[in-house]
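**Q** Quick one: this structure, given as structure tokens, is what I'll be asking you about.
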Amino acid sequence: MVESLARRVITALSQRPWWVAAFTLALALPALLLHLGWQPLLVDEPIRALVALEMHYSGHFFSPTLQGFPYYNKPPLFNWLLVALFRLTGRQDEFILRLPTIAALLLYTSAIWRVLRPQLGSRLAFTVALAFATTGRVLFYDSFLGLIDLWHAALTWLGFMAVWYLGQRGQWTRLFVLTYALTAVGFLLKGLPSMVFQGIALLVYCLDTRQWRRLFSWQHVLGVGVMLAILGAYFLLYSRHNSLEVALETLWSQSSQRTVAAQPLADSIQYVLLFPFDFIKHFLPWTLLVACLLVPGARRWVLGQPFLRYNALLFLAILPVYWLSPATIPRYLFMLVPLGLTVVIPLYVQQRAAGRTLVGWLDAALLALLLISTAALLGPPVLRAAEGVGLVSAAQTAFLRGVPASWPLSLALFAVLALGTYLFWKLADYRLLVLGYYLLVLRLAFDVFIFPARMQTSPEVPYRTAAERIGRETKGKPLLLLPGTPLDNVEAFYIARGRGQTLRTATHALHPDTLYLGDEYWLSGLRYRTLDTMQVDRNIHFRLIQVL
């Protein structure tokens, strides 16, 4: 009965694509937004946030600073977006800082669905979009961090697709102008990588279609001219406020420092050997479908279809850029993942229709993962019960302190995931779609159980609390950092936000009417009165002082 009802619902929805979109959005938004602003800023978030905050305070949009010093590592387009949100909402909290990531993910996946439909059909295109959004790295990590990468990846991937579609139509002027304009916008987000990707995409398409002469056409020159005009206008304004030479040198070093030549040899060898396995790990469970390429005739089938061949060749052409860059972070690969999924998902469907044995083994492996994940939903109340009789370690106890122990909540989510597992088993023709929706519900369970636990165990939480306290205590009073103070950007952000102004470093002799923040190492030999203290990672102790 459940199976037949599910089939009727899916059939009805498949005839109305926008109903599918509405249903998916109704499930995805709670999963993506619940507890989004709980965690303190992590990894590179404090850099993006602090640069934008200081820009918001100063009003100098072409003079980005970080802790009051000029910041050259990234162009400021993403910071402009954050400043616009600050001023539109009147807030600078973690939820607002991460909201652009949610917008980027929704726009990116919508674009994947819309752009791939003419080639793959609506259902397969939607599956690719849902698969990208529910890869492990995206859904359970980067989708709740306020970073640039999803925006940059979306623009880069759109450029890839524009090369294909406009090239197939022979609209070369539009192709070069549009893709180089997208390259310029990508540059303003993240610098030089956008130019590398544009060059590789043009080479792959023109060589594959035997139209290499187009690379030397006047249309190509026009496209480059459009990009240079956009970037030239930006750098002209930028040079009036900053050192253009330092900016260009920094952007170059940001790209070149990640290559094999810039890393220790042993680290480079280890990274190169492990890269394929790490790639598969980070984007599970969908990367398991790469096994379909092992079936005899699979690669010939892919290469026999021009659009799939373009995606495959482009994936293989860009992959060495990251395979040979030991400092690569998984989020840098977000423009590559849809290229790979566009190949392996249609291949999986084709091999399922052909009754390939390997597909049966893949389905069994995915079903096993779903069973394990579903059973894990009973873990929180069981572990809390075990804690009550002393069967849980001290570290586990600290983690469990924040986990909701509600049996009704666990059972409700368990029931939904169990239903998803059952439908995955029964609805063979819709397995990939069921898998995508299952993962969205699993993310909702992650929000409910894991985020509260992290708030109990994350060391960043007390750091944020202390920094916010310093910000409140010094609001409206002059405060400077002592020279050489190793204050992390995350604490600098929370102090500056609490004070409503940029936290800068002292450049003159210390004065009794000014408050200072410094670590204990730099305070030796000074006569001062301690007003507050703060401890951060690496066991660094800071003191808020007034000199005597």
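Chain identifiers are assigned as A, B, and so on, following the order in which chains appear in the structure tokens; residues are numbered from 1 within each chain, and ligands are numbered from 1 in order of appearance.
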Taking 6 positions as the minimum chain separation for residues in the same chain, which residues sit within 10 Å of Leu523 in chain A when counting only C-alpha atoms? Answer as a list in words.
**A** Leu482, Leu517, Phe542, Arg543 and Ile545 of chain A
**Q** Any chance you could list, as a VMD selection string, the residues in range 315-540 of chain A that come up helix (DSSP H, G or I) when DSSP is run on the backbone?
**A** chain A and resid 315 to 323 330 to 333 337 to 353 357 to 376 379 to 388 394 to 400 407 to 426 428 to 457 460 to 474 489 to 499 520 to 523 537 to 539
**Q** Any idea what the distance is between CA of Arg497 in chain A and CA of Asp93 in chain A?
**A**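 A separation of 8.8 Å between them.
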**Q** Do a neighbour search on range 142-152 of chain A at 7 Å with only C-alpha atoms, toss out local chain neighbours closer than 3 positions, and write the hits as a VMD selection string.
**A** chain A and resid 36 45 78 97 to 98 100 to 102 104 to 105 137 to 139 155 to 156 186 189 331 to 332 334
**Q** For the residues in that selection, give me N, CA, C and O atoms as a PDB file, in the first residue's frame.
**A**
```pdb
ATOM      1  N   LEU A  36      21.102  27.532  11.809  1.00  0.00           N
ATOM      2  CA  LEU A  36      22.172  28.025  10.929  1.00  0.00           C
ATOM      3  C   LEU A  36      23.101  29.007  11.637  1.00  0.00           C
ATOM      4  O   LEU A  36      24.308  29.022  11.396  1.00  0.00           O
ATOM      5  N   GLU A  45      35.563  31.705   7.656  1.00  0.00           N
ATOM      6  CA  GLU A  45      34.440  32.628   7.874  1.00  0.00           C
ATOM      7  C   GLU A  45      34.866  33.928   8.567  1.00  0.00           C
ATOM      8  O   GLU A  45      34.400  35.007   8.171  1.00  0.00           O
ATOM      9  N   PHE A  78      32.512  39.574  -2.759  1.00  0.00           N
ATOM     10  CA  PHE A  78      31.739  38.864  -1.735  1.00  0.00           C
ATOM     11  C   PHE A  78      31.536  39.746  -0.512  1.00  0.00           C
ATOM     12  O   PHE A  78      30.471  39.712   0.118  1.00  0.00           O
ATOM     13  N   LEU A  97      25.472  36.216   8.084  1.00  0.00           N
ATOM     14  CA  LEU A  97      26.730  35.939   7.393  1.00  0.00           C
ATOM     15  C   LEU A  97      26.653  34.654   6.563  1.00  0.00           C
ATOM     16  O   LEU A  97      27.352  34.526   5.552  1.00  0.00           O
ATOM     17  N   ARG A  98      25.823  33.708   6.985  1.00  0.00           N
ATOM     18  CA  ARG A  98      25.732  32.426   6.287  1.00  0.00           C
ATOM     19  C   ARG A  98      24.586  32.375   5.288  1.00  0.00           C
ATOM     20  O   ARG A  98      24.507  31.437   4.493  1.00  0.00           O
ATOM     21  N   PRO A 100      24.032  34.089   2.563  1.00  0.00           N
ATOM     22  CA  PRO A 100      24.448  34.026   1.151  1.00  0.00           C
ATOM     23  C   PRO A 100      24.829  32.628   0.686  1.00  0.00           C
ATOM     24  O   PRO A 100      24.648  32.294  -0.497  1.00  0.00           O
ATOM     25  N   THR A 101      25.348  31.803   1.576  1.00  0.00           N
ATOM     26  CA  THR A 101      25.686  30.428   1.198  1.00  0.00           C
ATOM     27  C   THR A 101      24.425  29.644   0.835  1.00  0.00           C
ATOM     28  O   THR A 101      24.408  28.903  -0.152  1.00  0.00           O
ATOM     29  N   ILE A 102      23.364  29.816   1.626  1.00  0.00           N
ATOM     30  CA  ILE A 102      22.102  29.140   1.319  1.00  0.00           C
ATOM     31  C   ILE A 102      21.554  29.631  -0.010  1.00  0.00           C
ATOM     32  O   ILE A 102      21.104  28.833  -0.846  1.00  0.00           O
ATOM     33  N   ALA A 104      23.260  30.870  -2.496  1.00  0.00           N
ATOM     34  CA  ALA A 104      24.118  30.353  -3.568  1.00  0.00           C
ATOM     35  C   ALA A 104      23.797  28.898  -3.868  1.00  0.00           C
ATOM     36  O   ALA A 104      23.732  28.493  -5.043  1.00  0.00           O
ATOM     37  N   LEU A 105      23.597  28.091  -2.829  1.00  0.00           N
ATOM     38  CA  LEU A 105      23.298  26.670  -3.045  1.00  0.00           C
ATOM     39  C   LEU A 105      21.968  26.496  -3.774  1.00  0.00           C
ATOM     40  O   LEU A 105      21.865  25.689  -4.707  1.00  0.00           O
ATOM     41  N   ARG A 137      29.976  16.566   1.558  1.00  0.00           N
ATOM     42  CA  ARG A 137      30.718  17.787   1.866  1.00  0.00           C
ATOM     43  C   ARG A 137      29.830  19.025   1.794  1.00  0.00           C
ATOM     44  O   ARG A 137      29.952  19.944   2.619  1.00  0.00           O
ATOM     45  N   VAL A 138      28.944  19.073   0.827  1.00  0.00           N
ATOM     46  CA  VAL A 138      28.066  20.232   0.691  1.00  0.00           C
ATOM     47  C   VAL A 138      27.021  20.247   1.800  1.00  0.00           C
ATOM     48  O   VAL A 138      26.863  21.241   2.519  1.00  0.00           O
ATOM     49  N   LEU A 139      26.295  19.143   1.963  1.00  0.00           N
ATOM     50  CA  LEU A 139      25.135  19.127   2.843  1.00  0.00           C
ATOM     51  C   LEU A 139      25.498  19.153   4.319  1.00  0.00           C
ATOM     52  O   LEU A 139      24.821  19.803   5.122  1.00  0.00           O
ATOM     53  N   LEU A 155      29.113  30.350 -10.667  1.00  0.00           N
ATOM     54  CA  LEU A 155      29.460  31.190 -11.820  1.00  0.00           C
ATOM     55  C   LEU A 155      30.379  30.449 -12.782  1.00  0.00           C
ATOM     56  O   LEU A 155      30.222  30.532 -14.011  1.00  0.00           O
ATOM     57  N   THR A 156      31.339  29.720 -12.232  1.00  0.00           N
ATOM     58  CA  THR A 156      32.282  28.986 -13.074  1.00  0.00           C
ATOM     59  C   THR A 156      31.563  27.901 -13.866  1.00  0.00           C
ATOM     60  O   THR A 156      31.787  27.742 -15.080  1.00  0.00           O
ATOM     61  N   GLY A 186      33.845  36.210 -11.653  1.00  0.00           N
ATOM     62  CA  GLY A 186      34.514  35.189 -10.854  1.00  0.00           C
ATOM     63  C   GLY A 186      35.840  35.682 -10.299  1.00  0.00           C
ATOM     64  O   GLY A 186      36.199  35.383  -9.159  1.00  0.00           O
ATOM     65  N   LEU A 189      35.412  37.682  -7.308  1.00  0.00           N
ATOM     66  CA  LEU A 189      35.104  36.866  -6.136  1.00  0.00           C
ATOM     67  C   LEU A 189      36.340  36.201  -5.558  1.00  0.00           C
ATOM     68  O   LEU A 189      36.554  36.209  -4.347  1.00  0.00           O
ATOM     69  N   ARG A 331      36.132  22.210  -0.834  1.00  0.00           N
ATOM     70  CA  ARG A 331      35.159  23.167  -1.372  1.00  0.00           C
ATOM     71  C   ARG A 331      35.633  23.832  -2.662  1.00  0.00           C
ATOM     72  O   ARG A 331      34.832  24.405  -3.393  1.00  0.00           O
ATOM     73  N   TYR A 332      36.937  23.742  -2.959  1.00  0.00           N
ATOM     74  CA  TYR A 332      37.422  24.280  -4.231  1.00  0.00           C
ATOM     75  C   TYR A 332      36.929  23.459  -5.419  1.00  0.00           C
ATOM     76  O   TYR A 332      37.026  23.895  -6.565  1.00  0.00           O
ATOM     77  N   PHE A 334      33.844  22.422  -6.051  1.00  0.00           N
ATOM     78  CA  PHE A 334      32.397  22.474  -6.225  1.00  0.00           C
ATOM     79  C   PHE A 334      31.964  22.706  -7.676  1.00  0.00           C
ATOM     80  O   PHE A 334      30.812  22.438  -8.016  1.00  0.00           O
TER      81      PHE A 334
END
```
